[in-house]
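Peer 1: Handing you this structure, nothing more for now.
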Amino acid sequence: MLSVVRHISAPSAALPALSCLSSRLASPCAARTQRFVRHFGLWSKELEKGHVYKDANEIINHDLIFKHLEATKGAAKDKNVIKDILERAKERSFLKDGPATGGSEYVRGLELDECATLLNVNPDDTDIMEEIYNTAFDIKNRIYGNRIVLFAPLYLANYCVNGCAYCAFRSSNKAIQRTKLSDQQVTEQVSILERQGHRRILALTGEHPAYTFEDFLHALKLITEVRTEPCGSIRRINVEIPSLSVSDMKRLKAADCVGTYTLFQETYHKPTFHTMHPWGPKSHYENRVLTHDRAMRGGLDDVGIGVLFGLYDYRFECMAMLMHSNHLEEEYRAGPHTISVPRMRPAMGSGVASDPPYPVDDAHFKKLVAILRIAVPYTGMILSTREAPEMRAHLLRVGMSQMSAGSSTEVGGYHRHATQRTDESLGDLTMQALLPEKYGKAAAGDTAMDHEHTDPNLGGQFQLEDTRSSEEIVHDLLESGYVPSWCTACYRKGRTGEHFMKIAKAGNIHNFCHPNSLLTLQEWLNDYASPEIKELGNKVIAREKEIDLSDSAKRLLDRKMEAVNKGQHDVYI
């Protein structure tokens, strides 16, 4: 059974589930972090002075979250209350009263108390849950249709000075091989992804002087220059990298090739955050919360947020993400572009990852995804390969709009193939929860125990649950009635912010996004698909061309599709 919030009136109190881990990991926090900074310096230094920010502890108001979660327990059992909340959320999502957003793409589907009420619903109450799932589906279908955007992560380096207890890349893990991609290797890895048909990449790296921010900027430039036959190129690079200063956010913006800047808080619960991040620059809670503020001030108004579910009560985390989203909207008129919902999976040498203190089972996970979709209807939701194919299929229906395909979490992993030894090592990761010192030295990665139970060649950040290839995922999506999409048109045509919301209020999203997704699908089928998948995809395109498009949109799509089938690439409306 899922653990519940234990300290309603005292959120800073020690967590019983974390007390053992805290006593062993938290003590060296301040001194060790100071030594790291003195020795290595900061990955990103602030050159701009005078920025004043709202207190991070006001942005994420722990007392208010606990108050709402406690106060709405009774209402969560009242079906009429739930139906009223869902109906109001749907009306807001459909913009029936006009977008009170000031031109922002962010729409607040749920108020904090409404969100708390839904989060308190018992997932075993099938009648209420069906109402929640149906509302999430209606909202997703109205805004995103059956389009699923695909991307692939690209890990550039796994060096890291931080001590995240749940991560295989943490500095104390001696079992993992540290590496970074050379220029040639970056080109090779991107070429492999392009030959799979990928047009979007999520570029990632750890925080360490062995791989600097300058190295990362150089890698971005290399990625944009890679070309493969017949017409492969990366059209959008999103990044998930360490926290940056305002001055470095401006440098990232000036690279002129970055889409979304993503940074997970991991957990918004402050005591848990300090327990799980005992040393390194990442251990500064307030600095991390304010990272997206710095991105906005640096000109990167397309940001992504997320938490790692399993570190603390998922209800608290969902409420905190909604609070954070509201803050960004109120302060900068731009809520988060994406929200990610990774669930903790085993990682090399980490007992925490194998046996999370607040595990989220499938029923609660499905519920929280549906509620987030209702809460932030126009915010993209990202689904990683941490989830198995069956779970991913369910989550696509109730909220997810983007998913990774054919992923590797290893540096240089796209030229490697799974072996029996790798599979056995992954099995051992899962068994680490049974080790006697799972919350002690084994979690820190310092002992022979780690070497005994892991493969030093297995360098992934965490264990994958969906190991299908990109082609297999495209096939399964098509077979399930979805339209795989590699579209990047809105970003390049400036259909964002106020422009996007005008289209949305007029109900015209479908006449832009759906034709463009079909055009990218046709391009992928022509260039990369097997005969079987091409036949299946062409049937989907023929069906989708006739669904809910205006006459003018149909005519325009036909002309554009003819150009694609004559060999033109990167065709969009």
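Every chain in the structure tokens takes a letter, A first, then B, and so on in the order presented; its residues are numbered from 1, and the ligands are numbered from 1 following the presented order.
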Which residues are close to A:His284, i.e. within 12 Å by only C-alpha atoms, leaving aside same-chain residues fewer than 3 positions away? Reply as an MDAnalysis selection string.

Peer 2: chainID A and resid 29:30 33:34 56 162:163 243 265 268 270:271 273:281 287:291

Peer 1: Pull the alpha helix (DSSP H) assignments for stretch 193-225 of chain A out of DSSP run on the backbone, and list those residues as a list in words.

Peer 2: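 After running DSSP on the backbone, stretch 193-225 of chain A has alpha helix (DSSP H) at Leu193, Glu194, Arg195, Phe213, Glu214, Asp215, Phe216, Leu217, His218, Ala219, Leu220, Lys221, Leu222, Ile223, Thr224 and Glu225 of chain A.
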
Peer 1: Applying 8 Å and only C-alpha atoms, which residues near stretch 145-160 of chain A remain after dropping the ones on its own chain fewer than 3 positions away? List them as a ChimeraX atom specification.

Peer 2: /A:140-142,169-171,178-181,186,189,193,198-208,210-211,216,400-412,481-487,510,514,517
